[in-house]
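Shown below: query-v3.cif, with mmCIF, C-alpha atoms and all ligand atoms; chains and numbers go by the auth columns.
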```cif
data_my_file
loop_
_atom_site.group_PDB
_atom_site.id
_atom_site.type_symbol
_atom_site.label_atom_id
_atom_site.label_comp_id
_atom_site.label_asym_id
_atom_site.label_seq_id
_atom_site.Cartn_x
_atom_site.Cartn_y
_atom_site.Cartn_z
_atom_site.B_iso_or_equiv
_atom_site.auth_seq_id
_atom_site.auth_asym_id
ATOM 1 C CA MET A 1 95.315 100.700 118.190 0.00 24 O
ATOM 2 C CA GLN A 2 95.158 101.458 121.932 0.00 25 O
ATOM 3 C CA HIS A 3 92.710 104.364 121.782 0.00 26 O
ATOM 4 C CA GLY A 4 91.679 104.904 118.183 0.00 27 O
ATOM 5 C CA VAL A 5 89.294 103.162 115.815 0.00 28 O
ATOM 6 C CA TYR A 6 91.851 100.765 114.382 0.00 29 O
ATOM 7 C CA GLY A 7 91.302 97.040 114.699 0.00 30 O
ATOM 8 C CA ARG A 8 93.041 94.220 112.873 0.00 31 O
ATOM 9 C CA ALA A 9 91.243 94.882 109.558 0.00 32 O
ATOM 10 C CA GLU A 10 92.098 98.601 109.599 0.00 33 O
ATOM 11 C CA LEU A 11 95.704 97.858 110.511 0.00 34 O
ATOM 12 C CA LEU A 12 96.062 95.557 107.518 0.00 35 O
ATOM 13 C CA GLU A 13 94.381 98.114 105.277 0.00 36 O
ATOM 14 C CA VAL A 14 96.809 100.849 106.359 0.00 37 O
ATOM 15 C CA ALA A 15 99.801 98.531 106.167 0.00 38 O
ATOM 16 C CA ARG A 16 98.912 97.515 102.592 0.00 39 O
ATOM 17 C CA SER A 17 98.558 101.114 101.505 0.00 40 O
ATOM 18 C CA TRP A 18 101.979 101.819 103.029 0.00 41 O
ATOM 19 C CA HIS A 19 103.671 99.960 100.192 0.00 42 O
ATOM 20 C CA GLY A 20 106.386 102.135 98.620 0.00 43 O
ATOM 21 C CA VAL A 21 105.885 105.006 101.082 0.00 44 O
ATOM 22 C CA PRO A 22 109.222 106.510 102.161 0.00 45 O
ATOM 23 C CA ALA A 23 108.288 106.550 105.839 0.00 46 O
ATOM 24 C CA ALA A 24 108.331 103.927 108.534 0.00 47 O
ATOM 25 C CA LEU A 25 105.078 102.394 109.710 0.00 48 O
ATOM 26 C CA VAL A 26 104.864 102.694 113.494 0.00 49 O
ATOM 27 C CA VAL A 27 102.035 101.016 115.391 0.00 50 O
ATOM 28 C CA ARG A 28 100.839 101.812 118.909 0.00 51 O
ATOM 29 C CA VAL A 29 99.606 98.376 119.877 0.00 52 O
ATOM 30 C CA PRO A 30 96.616 97.999 122.231 0.00 53 O
ATOM 31 C CA SER A 31 98.672 96.634 125.131 0.00 54 O
ATOM 32 C CA SER A 32 101.798 94.668 125.954 0.00 55 O
ATOM 33 C CA GLU A 33 99.916 91.483 125.080 0.00 56 O
ATOM 34 C CA PHE A 34 102.015 89.074 122.972 0.00 57 O
ATOM 35 C CA THR A 35 99.645 88.470 120.054 0.00 58 O
ATOM 36 C CA GLY A 36 98.906 92.130 119.328 0.00 59 O
ATOM 37 C CA ILE A 37 102.593 92.965 119.067 0.00 60 O
ATOM 38 C CA GLY A 38 103.216 90.077 116.656 0.00 61 O
ATOM 39 C CA LEU A 39 100.248 91.078 114.524 0.00 62 O
ATOM 40 C CA ALA A 40 101.521 94.641 114.033 0.00 63 O
ATOM 41 C CA LEU A 41 104.953 93.349 113.106 0.00 64 O
ATOM 42 C CA ASP A 42 103.568 90.724 110.723 0.00 65 O
ATOM 43 C CA ALA A 43 101.767 93.613 108.997 0.00 66 O
ATOM 44 C CA GLY A 44 105.153 95.245 108.388 0.00 67 O
ATOM 45 C CA ALA A 45 105.536 97.725 111.249 0.00 68 O
ATOM 46 C CA ALA A 46 109.085 98.974 111.638 0.00 69 O
ATOM 47 C CA ALA A 47 108.343 99.862 115.242 0.00 70 O
ATOM 48 C CA VAL A 48 105.807 99.062 117.901 0.00 71 O
ATOM 49 C CA VAL A 49 104.918 101.454 120.685 0.00 72 O
ATOM 50 C CA VAL A 50 103.813 99.455 123.709 0.00 73 O
ATOM 51 C CA PRO A 51 101.594 101.343 126.160 0.00 74 O
ATOM 52 C CA GLN A 52 101.637 101.236 129.956 0.00 75 O
ATOM 53 C CA VAL A 53 104.871 99.379 130.546 0.00 76 O
ATOM 54 C CA ASP A 54 105.242 99.687 134.304 0.00 77 O
ATOM 55 C CA SER A 55 108.139 97.360 135.135 0.00 78 O
ATOM 56 C CA ALA A 56 111.336 95.873 133.729 0.00 79 O
ATOM 57 C CA GLN A 57 109.529 92.538 133.584 0.00 80 O
ATOM 58 C CA GLU A 58 106.817 94.012 131.335 0.00 81 O
ATOM 59 C CA ALA A 59 109.497 95.629 129.187 0.00 82 O
ATOM 60 C CA ARG A 60 111.214 92.249 128.797 0.00 83 O
ATOM 61 C CA ALA A 61 107.892 90.677 127.799 0.00 84 O
ATOM 62 C CA ALA A 62 107.361 93.386 125.157 0.00 85 O
ATOM 63 C CA VAL A 63 110.853 92.872 123.722 0.00 86 O
ATOM 64 C CA GLU A 64 110.305 89.118 123.705 0.00 87 O
ATOM 65 C CA ALA A 65 107.048 89.520 121.773 0.00 88 O
ATOM 66 C CA ALA A 66 108.757 91.849 119.272 0.00 89 O
ATOM 67 C CA SER A 67 111.863 89.721 118.628 0.00 90 O
ATOM 68 C CA TYR A 68 112.468 86.426 116.918 0.00 91 O
ATOM 69 C CA PRO A 69 114.567 83.863 118.782 0.00 92 O
ATOM 70 C CA PRO A 70 117.123 83.902 120.264 0.00 93 O
ATOM 71 C CA ARG A 71 116.175 87.251 121.834 0.00 94 O
ATOM 72 C CA GLY A 72 112.452 86.621 121.912 0.00 95 O
ATOM 73 C CA ARG A 73 109.581 84.321 121.065 0.00 96 O
ATOM 74 C CA ARG A 74 108.008 86.103 118.108 0.00 97 O
ATOM 75 C CA SER A 75 106.386 83.679 115.731 0.00 98 O
ATOM 76 C CA ALA A 76 107.338 83.746 112.046 0.00 99 O
ATOM 77 C CA GLY A 77 104.408 84.656 109.800 0.00 100 O
ATOM 78 C CA PRO A 78 105.104 87.919 108.000 0.00 101 O
ATOM 79 C CA LEU A 79 102.231 89.251 105.907 0.00 102 O
ATOM 80 C CA ALA A 80 103.869 92.309 104.371 0.00 103 O
ATOM 81 C CA PRO A 81 105.731 90.267 101.687 0.00 104 O
ATOM 82 C CA THR A 82 102.326 89.252 100.292 0.00 105 O
ATOM 83 C CA TRP A 83 101.851 92.865 99.149 0.00 106 O
ATOM 84 C CA GLY A 84 105.405 93.241 97.936 0.00 107 O
ATOM 85 C CA GLU A 85 107.295 94.510 100.940 0.00 108 O
ATOM 86 C CA PRO A 86 110.642 92.815 101.519 0.00 109 O
ATOM 87 C CA ALA A 87 110.631 90.650 104.664 0.00 110 O
ATOM 88 C CA ARG A 88 112.456 92.419 107.465 0.00 111 O
ATOM 89 C CA THR A 89 115.600 90.732 108.602 0.00 112 O
ATOM 90 C CA THR A 90 116.357 92.955 111.593 0.00 113 O
ATOM 91 C CA ASP A 91 114.407 93.198 114.829 0.00 114 O
ATOM 92 C CA PRO A 92 111.961 96.114 114.861 0.00 115 O
ATOM 93 C CA LEU A 93 112.244 99.007 117.248 0.00 116 O
ATOM 94 C CA CYS A 94 110.423 98.259 120.475 0.00 117 O
ATOM 95 C CA ALA A 95 109.318 101.465 122.207 0.00 118 O
ATOM 96 C CA VAL A 96 107.903 101.219 125.711 0.00 119 O
ATOM 97 C CA MET A 97 105.614 103.864 127.107 0.00 120 O
ATOM 98 C CA ILE A 98 106.500 105.441 130.429 0.00 121 O
ATOM 99 C CA GLU A 99 103.208 106.789 131.661 0.00 122 O
ATOM 100 C CA SER A 100 102.672 106.052 135.343 0.00 123 O
ATOM 101 C CA ALA A 101 104.228 106.787 138.711 0.00 124 O
ATOM 102 C CA GLU A 102 105.036 103.072 138.894 0.00 125 O
ATOM 103 C CA ALA A 103 106.967 103.149 135.609 0.00 126 O
ATOM 104 C CA LEU A 104 108.759 106.319 136.638 0.00 127 O
ATOM 105 C CA ALA A 105 109.877 104.702 139.890 0.00 128 O
ATOM 106 C CA CYS A 106 111.761 101.988 137.949 0.00 129 O
ATOM 107 C CA VAL A 107 112.487 103.778 134.667 0.00 130 O
ATOM 108 C CA GLU A 108 116.243 103.139 135.042 0.00 131 O
ATOM 109 C CA GLN A 109 115.616 99.360 135.136 0.00 132 O
ATOM 110 C CA ILE A 110 113.172 99.577 132.213 0.00 133 O
ATOM 111 C CA ALA A 111 115.717 101.532 130.159 0.00 134 O
ATOM 112 C CA ALA A 112 118.383 98.911 130.889 0.00 135 O
ATOM 113 C CA VAL A 113 116.347 95.999 129.462 0.00 136 O
ATOM 114 C CA PRO A 114 118.206 94.771 126.346 0.00 137 O
ATOM 115 C CA GLY A 115 116.110 95.412 123.258 0.00 138 O
ATOM 116 C CA VAL A 116 114.222 98.433 124.593 0.00 139 O
ATOM 117 C CA GLY A 117 114.808 100.880 121.746 0.00 140 O
ATOM 118 C CA LEU A 118 112.951 103.964 122.953 0.00 141 O
ATOM 119 C CA LEU A 119 111.385 105.250 126.175 0.00 142 O
ATOM 120 C CA PHE A 120 108.223 106.984 125.024 0.00 143 O
ATOM 121 C CA ILE A 121 106.531 109.296 127.511 0.00 144 O
ATOM 122 C CA GLY A 122 102.727 109.380 127.617 0.00 145 O
ATOM 123 C CA PRO A 123 102.287 112.788 129.258 0.00 146 O
ATOM 124 C CA ASN A 124 98.523 112.540 129.695 0.00 147 O
ATOM 125 C CA ASP A 125 98.576 109.306 131.662 0.00 148 O
ATOM 126 C CA LEU A 126 101.822 110.192 133.427 0.00 149 O
ATOM 127 C CA SER A 127 100.440 113.502 134.648 0.00 150 O
ATOM 128 C CA LEU A 128 97.178 111.840 135.741 0.00 151 O
ATOM 129 C CA SER A 129 99.148 109.243 137.673 0.00 152 O
ATOM 130 C CA LEU A 130 101.397 111.858 139.293 0.00 153 O
ATOM 131 C CA GLY A 131 98.476 114.142 140.125 0.00 154 O
ATOM 132 C CA THR A 132 99.600 116.962 137.860 0.00 155 O
ATOM 133 C CA THR A 133 98.906 118.191 134.326 0.00 156 O
ATOM 134 C CA VAL A 134 100.848 118.018 131.064 0.00 157 O
ATOM 135 C CA ALA A 135 101.766 121.685 131.541 0.00 158 O
ATOM 136 C CA GLY A 136 102.788 120.835 135.103 0.00 159 O
ATOM 137 C CA LEU A 137 105.119 118.106 133.797 0.00 160 O
ATOM 138 C CA LEU A 138 106.611 120.472 131.248 0.00 161 O
ATOM 139 C CA ASP A 139 107.014 123.326 133.716 0.00 162 O
ATOM 140 C CA ASP A 140 108.592 121.217 136.435 0.00 163 O
ATOM 141 C CA ARG A 141 112.286 122.077 136.524 0.00 164 O
ATOM 142 C CA SER A 142 112.799 120.883 140.103 0.00 165 O
ATOM 143 C CA ALA A 143 115.510 118.408 141.110 0.00 166 O
ATOM 144 C CA ASP A 144 112.969 115.573 140.955 0.00 167 O
ATOM 145 C CA SER A 145 111.333 116.510 137.676 0.00 168 O
ATOM 146 C CA ALA A 146 109.702 113.425 136.116 0.00 169 O
ATOM 147 C CA LEU A 147 110.784 114.477 132.639 0.00 170 O
ATOM 148 C CA ASP A 148 114.419 114.878 133.641 0.00 171 O
ATOM 149 C CA ARG A 149 114.381 111.505 135.381 0.00 172 O
ATOM 150 C CA VAL A 150 113.233 109.740 132.201 0.00 173 O
ATOM 151 C CA LEU A 151 115.761 111.671 130.112 0.00 174 O
ATOM 152 C CA ALA A 152 118.588 110.767 132.508 0.00 175 O
ATOM 153 C CA ALA A 153 117.552 107.091 132.526 0.00 176 O
ATOM 154 C CA GLY A 154 117.586 107.062 128.732 0.00 177 O
ATOM 155 C CA ARG A 155 120.971 108.746 128.545 0.00 178 O
ATOM 156 C CA ALA A 156 122.488 106.354 131.110 0.00 179 O
ATOM 157 C CA ALA A 157 121.254 103.319 129.141 0.00 180 O
ATOM 158 C CA GLY A 158 121.999 104.765 125.685 0.00 181 O
ATOM 159 C CA VAL A 159 118.307 104.670 124.783 0.00 182 O
ATOM 160 C CA PRO A 160 116.591 107.660 123.147 0.00 183 O
ATOM 161 C CA VAL A 161 113.582 109.278 124.783 0.00 184 O
ATOM 162 C CA GLY A 162 110.403 110.192 122.957 0.00 185 O
ATOM 163 C CA ALA A 163 107.139 111.815 123.943 0.00 186 O
ATOM 164 C CA TYR A 164 103.627 112.257 122.669 0.00 187 O
ATOM 165 C CA GLY A 165 103.085 115.930 121.920 0.00 188 O
ATOM 166 C CA GLY A 166 99.653 115.761 120.272 0.00 189 O
ATOM 167 C CA ASP A 167 99.959 119.262 118.842 0.00 190 O
ATOM 168 C CA PRO A 168 103.003 121.070 117.454 0.00 191 O
ATOM 169 C CA ALA A 169 103.252 123.618 120.281 0.00 192 O
ATOM 170 C CA THR A 170 103.323 120.949 122.987 0.00 193 O
ATOM 171 C CA ALA A 171 105.732 118.859 120.936 0.00 194 O
ATOM 172 C CA ALA A 172 108.046 121.864 120.634 0.00 195 O
ATOM 173 C CA ARG A 173 108.022 122.263 124.402 0.00 196 O
ATOM 174 C CA PHE A 174 109.077 118.629 124.839 0.00 197 O
ATOM 175 C CA ALA A 175 111.810 119.152 122.252 0.00 198 O
ATOM 176 C CA GLY A 176 112.950 122.147 124.276 0.00 199 O
ATOM 177 C CA ARG A 177 113.356 119.881 127.303 0.00 200 O
ATOM 178 C CA GLY A 178 115.659 117.556 125.318 0.00 201 O
ATOM 179 C CA VAL A 179 113.224 114.883 124.120 0.00 202 O
ATOM 180 C CA ASP A 180 114.675 113.152 121.040 0.00 203 O
ATOM 181 C CA CYS A 181 111.638 111.786 119.231 0.00 204 O
ATOM 182 C CA LEU A 182 108.168 113.297 119.087 0.00 205 O
ATOM 183 C CA ALA A 183 104.642 112.462 118.068 0.00 206 O
ATOM 184 C CA VAL A 184 104.121 116.010 116.819 0.00 207 O
ATOM 185 C CA THR A 185 100.442 115.804 116.013 0.00 208 O
ATOM 186 C CA THR A 186 97.501 113.545 115.245 0.00 209 O
ATOM 187 C CA ASP A 187 95.112 112.997 112.348 0.00 210 O
ATOM 188 C CA LEU A 188 92.409 114.710 114.419 0.00 211 O
ATOM 189 C CA TRP A 189 94.548 117.789 115.074 0.00 212 O
ATOM 190 C CA VAL A 190 95.548 118.092 111.418 0.00 213 O
ATOM 191 C CA THR A 191 91.920 117.741 110.290 0.00 214 O
ATOM 192 C CA ALA A 192 90.704 120.315 112.798 0.00 215 O
ATOM 193 C CA ALA A 193 93.497 122.739 111.869 0.00 216 O
ATOM 194 C CA GLY A 194 92.633 122.328 108.164 0.00 217 O
ATOM 195 C CA ALA A 195 88.945 122.896 108.852 0.00 218 O
ATOM 196 C CA GLU A 196 89.725 125.968 110.906 0.00 219 O
ATOM 197 C CA ALA A 197 91.928 127.402 108.138 0.00 220 O
ATOM 198 C CA ALA A 198 89.237 126.694 105.532 0.00 221 O
ATOM 199 C CA LEU A 199 86.558 128.386 107.625 0.00 222 O
ATOM 200 C CA ARG A 200 88.763 131.439 108.087 0.00 223 O
HETATM 201 C C1 LIG B . 99.454 109.697 126.988 0.00 1 K
HETATM 202 O O1 LIG B . 99.770 110.880 126.945 0.00 1 K
HETATM 203 O O2 LIG B . 99.160 109.081 128.011 0.00 1 K
HETATM 204 C C2 LIG B . 99.393 108.961 125.744 0.00 1 K
HETATM 205 O O3 LIG B . 99.233 107.762 125.759 0.00 1 K
HETATM 206 C C3 LIG B . 99.486 109.736 124.499 0.00 1 K
HETATM 207 O O4 LIG B . 98.766 109.160 123.478 0.00 1 K
HETATM 208 MG MG MG B . 98.628 106.967 127.583 0.00 2 K
#
```
Please rewrite the model in this file as structure tokens.
Amino acid sequence: MQHGVYGRAELLEVARSWHGVPAALVVRVPSSEFTGIGLALDAGAAAVVVPQVDSAQEARAAVEAASYPPRGRRSAGPLAPTWGEPARTTDPLCAVMIESAEALACVEQIAAVPGVGLLFIGPNDLSLSLGTTVAGLLDDRSADSALDRVLAAGRAAGVPVGAYGGDPATAARFAGRGVDCLAVTTDLWVTAAGAEAALR
């Protein structure tokens, strides 16, 4: 919902069609804004991925939006039970995206925020912010490698680290660096790969 064509109506459409599917619905919300996070969770998301979280304070705000009291301020109004999904009784996973030099500079504090369930690297924005490329991030094995810093922060806080791969080869390279959870591909990549195979 940050970059794609999905608005509220499309989210609800997808969420409804998720009924009975043996996979978790994960929503990249448009921003760390409170209402958007609640909306995705009301629709039955098991996890929200919150983009551009640049400070521990923003991470706390995201967790607060994703959690019912006492941890947070999420408002009760689940929609998923109206199409037969059981109401969730546990807090969802709140993933925060690490994708700027600013976030990297305080990633240890972000990782330590109670309720942060995953540090999710956005390599495109992170490399733009650091003045490098995705390949540059992946190739950097120096003592101050950005990737290793996020991985170490996650390990120290007991929080897994994920990354957006976008295509299987890039995802495999992140896996090779020790990333735990990957967005392996996209609908666009899969469609293009299918079209390419069909044309061949
Ligand atoms: C990034 O790489 O910045 C992303 O947000 C991936 O979608
Ligand atoms: Mg991004």
Quick one: distance from atom CA of Arg196 of chain O to atom CA of Ser165 of chain O in Å, one decimal? 16.5 Å
Specify as a PyMOL selection string each residue included when the PyMOL selection byres (((not hetatm)) within 9 of (chain K and resi 2)) is applied to this file. chain O and resi 25-26+74-75+120-123+144-149+187
Here is a test: counting only C-alpha atoms, which residue of O:Thr58, O:Val136, O:Ala124, O:Asp65 is nearest to Thr155 of chain O? O:Ala124
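Nearest-residue note for Ala194 of chain O: choosing from O:Ala158, O:Ala63, O:Ala176, O:Glu125, the minimum distance belongs to O:Ala158, counting only C-alpha atoms.
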From O:Leu222, O:Ala79, O:Ala38, O:Val50, residue lying nearest ligand LIG 1 (chain K) [all atoms listed in the file]: O:Val50
Once you add 8 Å to each side, what are the centre and edge lengths of the axis-aligned box holding all listed atoms of segment 63-67 of chain O? One decimal in Å, as JSON, if you can.
```
{"center_x": 103.3, "center_y": 93.0, "center_z": 111.2, "size_x": 19.6, "size_y": 20.5, "size_z": 21.6}
```
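In this comparison, which uses all atoms listed in the file, the residue of O:Gln132, O:Glu87, O:Ala103, O:Ala82 approaching Leu48 of chain O most closely is O:Ala103.
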Name the residues, using the chain letters and numbers of the file, that sit within 12 Å of (116.8, 92.0, 112.3) when counting all atoms listed in the file, and give them as an NGL selection string. :O and (64 or 69-70 or 89-95 or 110-116 or 138)
One decimal, in Å: what's the spacing between atom CA of Glu131 of chain O and atom CA of Val119 of chain O?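 Distance reported for this atom pair: 12.7 Å.
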Nearest to Ala47 of chain O: which of O:Pro101, O:Gly67, O:Pro183, O:Pro137 is it, counting all atoms listed in the file?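 That would be O:Gly67, the residue with the smallest distance to Ala47 of chain O.
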Using all atoms listed in the file, the shortest atom-to-atom distance to ligand LIG 1 (chain K) among O:Ile60, O:Val49, O:Val130, O:Val72 belongs to O:Val72
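Atom CA of Arg39 of chain O to atom CA of Pro53 of chain O spans 19.8 Å [interatomic distance, one decimal].
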Leu174 of chain O environment, 8 Å, all atoms listed in the file, sequence neighbours closer than 3 positions dropped, as a ChimeraX atom specification: /O:170-171,177-178,184,201-202
Please expand the PyMOL selection byres (((chain O and resi 208) around 6) and not hetatm) into the concrete residues it hits in this file, giving the result as an MDAnalysis selection string. chainID O and resid 189:190 206:207 209
Quick one: segment 189-204 of chain O with N, CA, C and O atoms, as a PDB file, in the frame of the given file?
```pdb
ATOM      1  N   GLY O 189     101.081 115.635 120.583  1.00  0.00           N
ATOM      2  CA  GLY O 189      99.653 115.761 120.272  1.00  0.00           C
ATOM      3  C   GLY O 189      99.333 116.989 119.444  1.00  0.00           C
ATOM      4  O   GLY O 189      98.420 116.972 118.636  1.00  0.00           O
ATOM      5  N   ASP O 190     100.076 118.064 119.679  1.00  0.00           N
ATOM      6  CA  ASP O 190      99.959 119.262 118.842  1.00  0.00           C
ATOM      7  C   ASP O 190     101.360 119.864 118.754  1.00  0.00           C
ATOM      8  O   ASP O 190     102.195 119.637 119.634  1.00  0.00           O
ATOM      9  N   PRO O 191     101.631 120.614 117.675  1.00  0.00           N
ATOM     10  CA  PRO O 191     103.003 121.070 117.454  1.00  0.00           C
ATOM     11  C   PRO O 191     103.568 121.930 118.591  1.00  0.00           C
ATOM     12  O   PRO O 191     104.755 121.823 118.916  1.00  0.00           O
ATOM     13  N   ALA O 192     102.732 122.743 119.219  1.00  0.00           N
ATOM     14  CA  ALA O 192     103.252 123.618 120.281  1.00  0.00           C
ATOM     15  C   ALA O 192     103.715 122.791 121.487  1.00  0.00           C
ATOM     16  O   ALA O 192     104.796 123.046 122.047  1.00  0.00           O
ATOM     17  N   THR O 193     102.921 121.793 121.848  1.00  0.00           N
ATOM     18  CA  THR O 193     103.323 120.949 122.987  1.00  0.00           C
ATOM     19  C   THR O 193     104.562 120.137 122.614  1.00  0.00           C
ATOM     20  O   THR O 193     105.486 119.990 123.418  1.00  0.00           O
ATOM     21  N   ALA O 194     104.564 119.630 121.385  1.00  0.00           N
ATOM     22  CA  ALA O 194     105.732 118.859 120.936  1.00  0.00           C
ATOM     23  C   ALA O 194     106.989 119.710 121.007  1.00  0.00           C
ATOM     24  O   ALA O 194     108.049 119.247 121.443  1.00  0.00           O
ATOM     25  N   ALA O 195     106.881 120.969 120.611  1.00  0.00           N
ATOM     26  CA  ALA O 195     108.046 121.864 120.634  1.00  0.00           C
ATOM     27  C   ALA O 195     108.536 122.065 122.069  1.00  0.00           C
ATOM     28  O   ALA O 195     109.740 122.166 122.311  1.00  0.00           O
ATOM     29  N   ARG O 196     107.608 122.090 123.004  1.00  0.00           N
ATOM     30  CA  ARG O 196     108.022 122.263 124.402  1.00  0.00           C
ATOM     31  C   ARG O 196     108.776 121.021 124.891  1.00  0.00           C
ATOM     32  O   ARG O 196     109.758 121.127 125.620  1.00  0.00           O
ATOM     33  N   PHE O 197     108.330 119.846 124.478  1.00  0.00           N
ATOM     34  CA  PHE O 197     109.077 118.629 124.839  1.00  0.00           C
ATOM     35  C   PHE O 197     110.464 118.649 124.191  1.00  0.00           C
ATOM     36  O   PHE O 197     111.453 118.281 124.815  1.00  0.00           O
ATOM     37  N   ALA O 198     110.507 119.081 122.942  1.00  0.00           N
ATOM     38  CA  ALA O 198     111.810 119.152 122.252  1.00  0.00           C
ATOM     39  C   ALA O 198     112.736 120.098 123.019  1.00  0.00           C
ATOM     40  O   ALA O 198     113.928 119.814 123.184  1.00  0.00           O
ATOM     41  N   GLY O 199     112.174 121.176 123.506  1.00  0.00           N
ATOM     42  CA  GLY O 199     112.950 122.147 124.276  1.00  0.00           C
ATOM     43  C   GLY O 199     113.499 121.566 125.571  1.00  0.00           C
ATOM     44  O   GLY O 199     114.512 122.048 126.088  1.00  0.00           O
ATOM     45  N   ARG O 200     112.860 120.527 126.082  1.00  0.00           N
ATOM     46  CA  ARG O 200     113.356 119.881 127.303  1.00  0.00           C
ATOM     47  C   ARG O 200     114.366 118.771 126.973  1.00  0.00           C
ATOM     48  O   ARG O 200     114.856 118.092 127.866  1.00  0.00           O
ATOM     49  N   GLY O 201     114.632 118.537 125.680  1.00  0.00           N
ATOM     50  CA  GLY O 201     115.659 117.556 125.318  1.00  0.00           C
ATOM     51  C   GLY O 201     115.123 116.216 124.849  1.00  0.00           C
ATOM     52  O   GLY O 201     115.890 115.265 124.692  1.00  0.00           O
ATOM     53  N   VAL O 202     113.813 116.135 124.612  1.00  0.00           N
ATOM     54  CA  VAL O 202     113.224 114.883 124.120  1.00  0.00           C
ATOM     55  C   VAL O 202     113.645 114.676 122.659  1.00  0.00           C
ATOM     56  O   VAL O 202     113.598 115.597 121.850  1.00  0.00           O
ATOM     57  N   ASP O 203     114.065 113.438 122.350  1.00  0.00           N
ATOM     58  CA  ASP O 203     114.675 113.152 121.040  1.00  0.00           C
ATOM     59  C   ASP O 203     113.679 112.884 119.927  1.00  0.00           C
ATOM     60  O   ASP O 203     113.985 113.077 118.750  1.00  0.00           O
ATOM     61  N   CYS O 204     112.526 112.327 120.256  1.00  0.00           N
ATOM     62  CA  CYS O 204     111.638 111.786 119.231  1.00  0.00           C
ATOM     63  C   CYS O 204     110.208 112.160 119.618  1.00  0.00           C
ATOM     64  O   CYS O 204     109.799 111.923 120.756  1.00  0.00           O
TER      65      CYS O 204
END
```
